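Chemist: The following file, protein-v8.cif, comprises mmCIF, C-alpha atoms:
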data_query
#
loop_
_atom_site.label_atom_id
_atom_site.label_comp_id
_atom_site.auth_asym_id
_atom_site.auth_seq_id
_atom_site.Cartn_x
_atom_site.Cartn_y
_atom_site.Cartn_z
CA MET A 99 -35.90 -46.02 92.20
CA LYS A 100 -37.54 -45.53 95.57
CA GLU A 101 -35.97 -47.16 98.62
CA GLY A 102 -37.56 -50.35 99.79
CA THR A 103 -39.76 -50.74 96.74
CA ALA A 104 -37.97 -53.44 94.78
CA ALA A 105 -40.88 -53.81 92.42
CA SER A 106 -40.70 -50.20 91.29
CA ALA A 107 -38.35 -51.07 88.41
CA PHE A 108 -41.21 -53.06 86.91
CA GLU A 109 -43.87 -50.48 87.45
CA GLY A 110 -44.98 -48.14 84.75
CA PRO A 111 -42.44 -45.83 83.17
CA ALA A 112 -41.05 -43.14 85.40
CA SER A 113 -43.41 -40.78 83.67
CA HIS A 114 -42.53 -38.10 86.10
CA ASP A 115 -39.05 -38.21 84.59
CA ASP A 116 -40.37 -38.45 81.07
CA PRO A 117 -43.24 -35.99 80.77
CA LEU A 118 -44.88 -34.97 77.55
CA VAL A 119 -44.27 -31.25 77.18
CA ILE A 120 -46.47 -29.21 74.88
CA ALA A 121 -46.00 -25.45 74.82
CA GLY A 122 -44.44 -25.58 78.24
CA ARG A 123 -47.26 -27.61 79.74
CA LYS A 124 -46.28 -30.95 81.26
CA PHE A 125 -48.36 -34.08 81.03
CA HIS A 126 -47.63 -37.53 82.37
CA SER A 127 -49.82 -39.47 80.01
CA ARG A 128 -48.82 -39.71 76.36
CA LEU A 129 -52.27 -40.75 75.30
CA LEU A 130 -54.82 -38.14 74.19
CA VAL A 131 -58.40 -39.29 73.85
CA GLY A 132 -61.39 -37.90 72.02
CA THR A 133 -64.84 -37.61 73.54
CA GLY A 134 -66.94 -38.48 70.51
CA LYS A 135 -68.88 -41.56 69.43
CA TYR A 136 -69.41 -43.17 72.82
CA SER A 137 -72.72 -44.85 73.41
CA SER A 138 -73.19 -42.81 76.56
CA LEU A 139 -71.51 -40.00 78.43
CA GLU A 140 -71.14 -42.27 81.43
CA LEU A 141 -69.20 -44.79 79.36
CA MET A 142 -67.11 -41.99 77.93
CA ALA A 143 -66.18 -40.80 81.41
CA GLN A 144 -65.19 -44.32 82.45
CA CYS A 145 -63.09 -44.81 79.33
CA LEU A 146 -61.27 -41.53 79.77
CA GLU A 147 -60.41 -42.48 83.30
CA ALA A 148 -59.30 -45.98 82.33
CA SER A 149 -57.11 -44.63 79.56
CA GLY A 150 -55.14 -42.49 81.99
CA THR A 151 -55.35 -39.59 79.58
CA GLU A 152 -54.84 -36.02 80.70
CA ILE A 153 -55.89 -34.28 77.50
CA VAL A 154 -59.28 -34.78 75.89
CA THR A 155 -60.53 -33.31 72.65
CA VAL A 156 -63.98 -31.83 72.17
CA ALA A 157 -65.79 -30.42 69.15
CA LEU A 158 -67.95 -27.32 68.85
CA ARG A 159 -71.46 -27.46 67.47
CA ARG A 160 -74.75 -25.61 67.57
CA ILE A 161 -76.88 -26.23 70.61
CA ASP A 162 -79.69 -28.53 69.64
CA PHE A 163 -82.72 -27.03 71.32
CA SER A 164 -84.88 -30.02 70.51
CA GLN A 165 -82.71 -31.99 72.92
CA LYS A 166 -83.83 -30.16 76.04
CA GLY A 167 -82.77 -31.88 79.22
CA GLU A 168 -79.98 -33.73 77.44
CA LYS A 169 -76.97 -34.27 79.60
CA ASN A 170 -74.12 -31.90 78.98
CA LEU A 171 -70.70 -33.18 77.98
CA LEU A 172 -68.98 -30.86 80.41
CA ASP A 173 -70.75 -32.48 83.35
CA PHE A 174 -68.81 -35.63 82.53
CA ILE A 175 -65.38 -34.11 82.03
CA ASP A 176 -63.75 -32.67 85.10
CA PRO A 177 -61.73 -29.64 83.91
CA ALA A 178 -59.56 -29.95 87.01
CA ARG A 179 -58.51 -33.37 85.88
CA TYR A 180 -58.39 -33.12 82.10
CA ALA A 181 -57.02 -30.43 79.84
CA ILE A 182 -59.75 -29.76 77.32
CA LEU A 183 -58.48 -29.41 73.79
CA PRO A 184 -61.15 -27.99 71.47
CA ASN A 185 -60.76 -29.08 67.90
CA THR A 186 -61.96 -27.53 64.69
CA ALA A 187 -63.42 -30.82 63.53
CA GLY A 188 -65.74 -30.61 60.56
CA CYS A 189 -64.13 -27.52 59.06
CA TYR A 190 -63.40 -27.61 55.36
CA THR A 191 -61.92 -24.15 55.05
CA ALA A 192 -59.30 -22.17 56.88
CA GLN A 193 -61.92 -19.47 57.55
CA ASP A 194 -64.25 -21.92 59.26
CA ALA A 195 -61.46 -23.39 61.34
CA ILE A 196 -60.39 -19.91 62.43
CA LYS A 197 -63.97 -19.07 63.36
CA ILE A 198 -64.40 -22.26 65.39
CA ALA A 199 -61.10 -21.71 67.18
CA ARG A 200 -62.16 -18.18 68.14
CA LEU A 201 -65.50 -19.49 69.37
CA ALA A 202 -63.76 -22.17 71.37
CA ARG A 203 -61.63 -19.55 73.04
CA GLU A 204 -64.83 -17.79 74.16
CA LEU A 205 -65.72 -20.88 76.16
CA GLU A 206 -62.63 -20.30 78.26
CA LEU A 207 -61.87 -23.94 78.92
CA GLY A 208 -59.09 -24.70 76.50
CA ASP A 209 -56.32 -22.50 77.86
CA ASN A 210 -55.84 -21.00 74.38
CA MET A 211 -54.95 -24.41 73.00
CA VAL A 212 -56.67 -25.65 69.90
CA LYS A 213 -56.33 -28.71 67.76
CA LEU A 214 -56.51 -27.38 64.24
CA GLU A 215 -58.18 -29.50 61.59
CA VAL A 216 -58.98 -28.31 58.10
CA ILE A 217 -60.36 -31.19 56.11
CA GLY A 218 -59.87 -31.43 52.37
CA ASP A 219 -61.90 -34.45 51.38
CA GLU A 220 -65.21 -35.78 52.67
CA LYS A 221 -64.61 -39.44 51.94
CA THR A 222 -61.15 -39.78 53.42
CA LEU A 223 -61.21 -36.80 55.81
CA MET A 224 -57.66 -36.15 54.75
CA PRO A 225 -56.40 -32.75 55.81
CA ASP A 226 -56.26 -29.78 53.49
CA VAL A 227 -52.69 -28.94 54.33
CA VAL A 228 -52.68 -25.63 52.49
CA GLY A 229 -55.71 -24.50 54.47
CA THR A 230 -54.17 -25.87 57.65
CA VAL A 231 -50.97 -23.87 57.26
CA GLU A 232 -52.98 -20.72 56.43
CA ALA A 233 -55.24 -21.13 59.45
CA ALA A 234 -52.27 -21.95 61.68
CA ARG A 235 -50.56 -18.68 60.75
CA VAL A 236 -53.64 -16.62 61.56
CA LEU A 237 -54.40 -18.39 64.82
CA ILE A 238 -50.80 -18.27 66.04
CA HIS A 239 -50.77 -14.56 65.30
CA GLU A 240 -53.89 -14.26 67.49
CA GLY A 241 -52.14 -15.98 70.38
CA PHE A 242 -53.51 -19.48 70.07
CA ILE A 243 -51.43 -22.50 70.92
CA VAL A 244 -51.99 -24.55 67.81
CA MET A 245 -51.65 -28.30 67.57
CA ALA A 246 -52.07 -29.09 63.92
CA TYR A 247 -53.60 -32.23 62.48
CA THR A 248 -51.82 -32.97 59.24
CA ASN A 249 -50.90 -35.67 56.77
CA ASP A 250 -47.74 -37.72 57.06
CA ASP A 251 -45.69 -35.49 54.76
CA VAL A 252 -42.41 -34.15 56.09
CA VAL A 253 -42.50 -30.87 54.14
CA THR A 254 -45.95 -30.02 55.44
CA ALA A 255 -44.76 -30.77 58.95
CA LYS A 256 -41.85 -28.38 58.48
CA ARG A 257 -44.12 -25.64 57.14
CA LEU A 258 -46.34 -26.02 60.17
CA GLU A 259 -43.37 -25.84 62.50
CA GLU A 260 -42.15 -22.73 60.70
CA ALA A 261 -45.60 -21.20 61.14
CA GLY A 262 -45.16 -21.71 64.88
CA VAL A 263 -47.36 -24.64 65.83
CA ALA A 264 -46.86 -26.16 69.26
CA ALA A 265 -47.22 -29.68 67.90
CA VAL A 266 -47.50 -31.49 64.62
CA MET A 267 -50.07 -34.26 64.47
CA PRO A 268 -49.63 -36.53 61.46
CA LEU A 269 -52.31 -39.10 60.81
CA GLY A 270 -51.56 -42.79 61.07
CA SER A 271 -54.40 -43.59 58.66
CA PRO A 272 -57.73 -41.88 57.88
CA ILE A 273 -59.89 -40.82 60.82
CA GLY A 274 -61.94 -43.73 62.10
CA SER A 275 -60.47 -46.16 59.58
CA GLY A 276 -58.67 -48.24 62.18
CA ARG A 277 -55.85 -49.09 59.80
CA GLY A 278 -53.07 -48.14 62.18
CA ILE A 279 -49.80 -46.61 61.09
CA LEU A 280 -49.80 -46.93 57.31
CA ASN A 281 -46.58 -45.03 56.70
CA PRO A 282 -44.13 -45.49 59.55
CA THR A 283 -41.25 -44.28 57.39
CA ASN A 284 -42.86 -40.89 56.92
CA ILE A 285 -43.66 -40.60 60.61
CA ARG A 286 -39.99 -41.23 61.36
CA LEU A 287 -38.93 -38.63 58.81
CA ILE A 288 -41.22 -36.11 60.46
CA LEU A 289 -39.78 -36.96 63.88
CA GLU A 290 -36.31 -36.26 62.54
CA ALA A 291 -37.29 -33.09 60.73
CA VAL A 292 -39.11 -31.10 63.41
CA SER A 293 -38.30 -30.18 67.00
CA VAL A 294 -41.85 -29.66 68.22
CA PRO A 295 -43.73 -32.63 69.67
CA VAL A 296 -45.10 -35.05 67.11
CA LEU A 297 -48.38 -36.70 68.03
CA VAL A 298 -49.76 -39.45 65.86
CA ASP A 299 -53.42 -38.65 65.44
CA ALA A 300 -56.10 -40.69 63.62
CA GLY A 301 -56.43 -44.21 62.42
CA VAL A 302 -55.58 -46.13 65.56
CA GLY A 303 -57.52 -49.40 65.45
CA GLN A 304 -56.13 -51.44 68.30
CA ALA A 305 -53.61 -51.18 71.09
CA SER A 306 -50.61 -52.39 69.11
CA ASP A 307 -51.05 -49.42 66.76
CA VAL A 308 -50.38 -47.14 69.70
CA ALA A 309 -47.33 -49.15 70.70
CA ILE A 310 -46.00 -49.02 67.15
CA ALA A 311 -46.42 -45.24 67.01
CA MET A 312 -44.63 -44.83 70.33
CA GLU A 313 -41.83 -47.18 69.29
CA LEU A 314 -41.23 -45.04 66.22
CA GLY A 315 -40.50 -42.26 68.67
CA ALA A 316 -43.77 -40.36 68.59
CA ASP A 317 -44.25 -38.08 71.55
CA ALA A 318 -47.87 -39.08 72.00
CA VAL A 319 -50.87 -40.60 70.29
CA LEU A 320 -54.38 -39.24 69.95
CA LEU A 321 -57.27 -41.54 69.30
CA ASN A 322 -61.03 -41.59 69.61
CA THR A 323 -62.76 -44.24 67.49
CA GLY A 324 -60.23 -46.88 68.48
CA ILE A 325 -61.70 -46.81 71.97
CA ALA A 326 -65.25 -45.57 71.44
CA GLY A 327 -65.91 -48.01 68.61
CA ALA A 328 -64.35 -51.08 70.21
CA LYS A 329 -66.65 -53.91 71.23
CA ASP A 330 -65.63 -53.32 74.81
CA PRO A 331 -64.50 -49.70 74.95
CA LEU A 332 -63.56 -49.81 78.61
CA LYS A 333 -61.30 -52.79 78.13
CA MET A 334 -59.78 -51.18 75.07
CA ALA A 335 -59.13 -47.97 76.99
CA VAL A 336 -57.06 -49.97 79.47
CA ALA A 337 -55.27 -51.73 76.61
CA MET A 338 -54.47 -48.42 74.94
CA ARG A 339 -53.03 -47.08 78.16
CA LYS A 340 -50.76 -50.09 78.59
CA ALA A 341 -49.73 -50.07 74.94
CA CYS A 342 -48.80 -46.41 75.14
CA GLU A 343 -46.65 -47.02 78.20
CA ALA A 344 -45.11 -50.18 76.73
CA GLY A 345 -44.35 -48.50 73.42
CA ARG A 346 -42.73 -45.55 75.12
CA LEU A 347 -40.61 -47.78 77.37
CA SER A 348 -39.65 -49.92 74.40
CA PHE A 349 -38.53 -46.84 72.51
CA LEU A 350 -36.52 -45.53 75.44
CA ALA A 351 -35.03 -48.94 76.15
CA GLY A 352 -33.45 -49.15 72.72
CA ARG A 353 -34.33 -52.14 70.59
CA ILE A 354 -31.84 -54.69 69.29
CA PRO A 355 -30.79 -54.31 65.68
CA LYS A 356 -32.43 -56.39 62.99
CA LYS A 357 -30.03 -58.96 61.60
CA LEU A 358 -30.20 -61.23 58.63
CA TYR A 359 -28.80 -64.25 60.44
CA ALA A 360 -29.39 -65.71 63.87
CA THR A 361 -27.34 -65.09 66.96
CA ALA A 362 -27.89 -67.79 69.56
CA SER A 363 -29.03 -66.74 72.98
CA SER A 364 -27.36 -69.64 74.76
CA PRO A 365 -23.71 -70.79 74.63
CA ILE A 366 -22.81 -73.65 72.26
CA LEU A 367 -23.62 -77.08 73.61
CA ASP A 368 -20.40 -78.54 74.84
CA PHE A 369 -21.34 -81.95 76.23
CA MET B 62 -88.88 -9.73 66.48
CA ARG B 63 -87.77 -12.41 64.13
CA LEU B 64 -84.42 -14.04 64.61
CA ILE B 65 -82.69 -16.95 62.95
CA VAL B 66 -81.26 -18.98 65.77
CA ASN B 67 -79.01 -21.88 64.83
CA GLY B 68 -80.53 -21.89 61.38
CA GLU B 69 -84.15 -21.84 62.54
CA GLU B 70 -86.61 -18.97 62.42
CA ARG B 71 -87.94 -17.92 65.78
CA TRP B 72 -90.25 -15.11 66.83
CA PHE B 73 -90.03 -13.23 70.08
CA ASP B 74 -92.58 -10.83 71.52
CA ARG B 75 -90.08 -8.32 72.88
CA PRO B 76 -86.73 -6.83 71.94
CA LEU B 77 -83.81 -8.91 73.07
CA THR B 78 -80.13 -8.61 73.75
CA ALA B 79 -77.75 -11.51 73.23
CA ALA B 80 -77.88 -12.07 76.99
CA SER B 81 -81.66 -12.02 77.29
CA LEU B 82 -81.94 -14.32 74.28
CA LEU B 83 -79.88 -16.92 76.13
CA GLU B 84 -82.20 -16.56 79.09
CA ALA B 85 -85.30 -16.84 76.92
CA LEU B 86 -83.97 -20.06 75.41
CA GLN B 87 -82.75 -21.35 78.77
CA ALA B 88 -79.29 -21.82 77.33
CA PRO B 89 -76.52 -22.15 79.93
CA ALA B 90 -74.70 -18.85 79.41
CA ALA B 91 -71.41 -20.04 80.87
CA ARG B 92 -71.18 -22.88 78.38
CA VAL B 93 -72.28 -21.12 75.24
CA ALA B 94 -70.42 -19.04 72.67
CA VAL B 95 -72.50 -16.51 70.79
CA MET B 96 -72.24 -15.18 67.26
CA VAL B 97 -74.52 -12.57 65.75
CA ASN B 98 -74.23 -12.22 61.98
CA ASP B 99 -70.83 -13.94 62.08
CA GLU B 100 -69.50 -11.67 64.79
CA ILE B 101 -68.47 -13.24 68.07
CA ILE B 102 -70.10 -11.46 71.00
CA LYS B 103 -67.87 -11.56 74.04
CA ARG B 104 -69.39 -12.58 77.33
CA ASP B 105 -69.15 -9.14 78.91
CA GLN B 106 -70.81 -7.53 75.89
CA ARG B 107 -73.83 -9.80 75.61
CA ALA B 108 -76.09 -7.63 77.72
CA GLN B 109 -75.24 -4.59 75.62
CA ARG B 110 -75.63 -6.24 72.23
CA HIS B 111 -79.18 -5.50 71.11
CA LEU B 112 -80.54 -7.83 68.49
CA ALA B 113 -82.22 -6.56 65.35
CA ASP B 114 -85.00 -8.10 63.34
CA GLY B 115 -83.62 -10.74 61.02
CA ASP B 116 -80.33 -11.18 62.87
CA ARG B 117 -78.65 -14.56 62.48
CA VAL B 118 -77.60 -15.91 65.83
CA GLU B 119 -75.41 -18.93 66.40
CA LEU B 120 -75.28 -20.51 69.84
CA ILE B 121 -72.37 -22.92 70.04
CA HIS B 122 -71.28 -25.29 72.75
CA MET B 123 -68.84 -28.13 73.30
CA VAL B 124 -69.84 -31.61 72.24
CA GLY B 125 -68.07 -34.92 72.05
CA GLY B 126 -65.53 -35.15 69.27
CA GLY B 127 -62.07 -36.31 68.30
#
Let me see the file written as structure tokens.
Modeler:
Amino acid sequence: MKEGTAASAFEGPASHDDPLVIAGRKFHSRLLVGTGKYSSLELMAQCLEASGTEIVTVALRRIDFSQKGEKNLLDFIDPARYAILPNTAGCYTAQDAIKIARLARELELGDNMVKLEVIGDEKTLMPDVVGTVEAARVLIHEGFIVMAYTNDDVVTAKRLEEAGVAAVMPLGSPIGSGRGILNPTNIRLILEAVSVPVLVDAGVGQASDVAIAMELGADAVLLNTGIAGAKDPLKMAVAMRKACEAGRLSFLAGRIPKKLYATASSPILDF
Amino acid sequence: MRLIVNGEERWFDRPLTAASLLEALQAPAARVAVMVNDEIIKRDQRAQRHLADGDRVELIHMVGGG
């Protein structure tokens, strides 16, 4: 606590004492935010700032030449301020994901980091975990720092850790579904089973979902639609930031146990 | 020459390299990754990579995404 600042105990978490560390890189925000689905790039930039995030995900796609004069995403993301994490979104095979990761590296903005996604099903966008592990092995061998999107299965998480990923990213619920953390038990099992950072990624619908993930002990949460699709994305970005901080503090503070019966908070009335 | 750029057929009136193709299309070279027939062409090799008739070229950049 700083001298002469009595209020500092009630300020945000001492995030400088509690950084998120991924592959040796330190971050003070435990919220990662995607850059997709915003109604405008200006709004996106405002939301990223309001969220306090330090890591933003981007996708890779063909240039659309019919959109000449369109604003460029990178003009709205300051690479000095945000770490850019390219993702292999939209890939349904390990080969495609590997190709996209290699292309992303050519753009020289991601510091060799890549969020690996290999999707196995169009309707649910659930990961193809076999393809994910395969792609992870190849990319790690090529020197990438792989953060792997996965399902909430503990064995898959262990296989990914064994392959050498820098982080395991189990989904809370399907991408964009907004159903929050459907399987907190499995997330907890993953947290116990692996030593690499565990980031809950996908399915966040509102701020409490972020708090719940952080209270389970997750190292961080990644979300996109939860902010971009909210009625007031800017307001939601602020809410997500606070929820992430609150959830982390709550986890570190150590909750009371759940009991079957009551324990009064005040002494017995004696008059 | 005929090239297939991002899935679309295009004709050019002179031979091109990967680098001069980017110029011809006014694509921002620093923000684009280039593949020719599924092979990634590194930045420092773009000026040397001559394109052949019928080559499939993919010009990829970063867009918003989760």
Chemist: Give me the result of the PyMOL selection byres ((chain B) within 9 of (chain A)) on this file, residue by residue, as a ChimeraX atom specification.
Modeler: /B:67,86,88,91-96,99,101-104,119-127
Chemist: List the neighbours of region 107-113 of chain B out to 12 Å using all atoms listed in the file; skip same-chain residues closer than 3 positions along the sequence, and give me the result as number ranges by chain.
Modeler: B: 62-66, 72-73, 75-84, 90-91, 93-98, 100-104, 116-118
Chemist: When distances are computed from all atoms listed in the file, which of A:Ala344, A:Ala265, A:Ala337, A:Met312 shows the smallest separation from Val294 (chain A)?
Modeler: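 Residue with the minimum atom-to-atom distance to Val294 (chain A): A:Ala265.
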Chemist: Starting from the shown file, work through the PyMOL selection byres ((chain A and resi 318) around 10) and note down what comes out as JSON, numbers by chain.
Modeler: {"A": [118, 127, 128, 129, 130, 267, 295, 296, 297, 298, 299, 308, 311, 312, 315, 316, 317, 319, 320, 342, 346]}
Chemist: Please report the interatomic distance between CA of Phe125 (chain A) and CA of Phe242 (chain A) in Å with one decimal.
Modeler: 19.0 Å
Chemist: Using CA of Gly208 (chain A) and CA of Tyr180 (chain A) as the two end points, give the distance in Å to one decimal.
Modeler: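 Between these atoms lies a distance of 10.1 Å.
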Chemist: Taking the point (-68.6, -40.5, 53.5) as given in the file, collect each protein or nucleic acid residue that comes within 12 Å of it, counting all atoms listed in the file, and present the set as a list in words.
Modeler: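 Residues satisfying the cut-off, written out: Asp219, Glu220, Lys221, Thr222, Leu223, Met224, Pro272, Ile273, Gly274 and Ser275 of chain A.
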Chemist: Can you measure CA of Val302 (chain A) to CA of Leu347 (chain A) for me? One decimal in Å is fine.
Modeler: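 Distance between the two atoms: 19.1 Å.
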Chemist: Using all atoms listed in the file, list the residues that have an atom at most 6 Å from (-56.0, -27.0, 79.1), coordinates as in the file, as a PyMOL selection string.
Modeler: chain A and resi 181-182+208-209
Chemist: Pick from A:Glu240, A:Glu313, A:Glu232, A:Asp115: nearest to Met211 (chain A), with all atoms listed in the file counted?
Modeler: A:Glu240
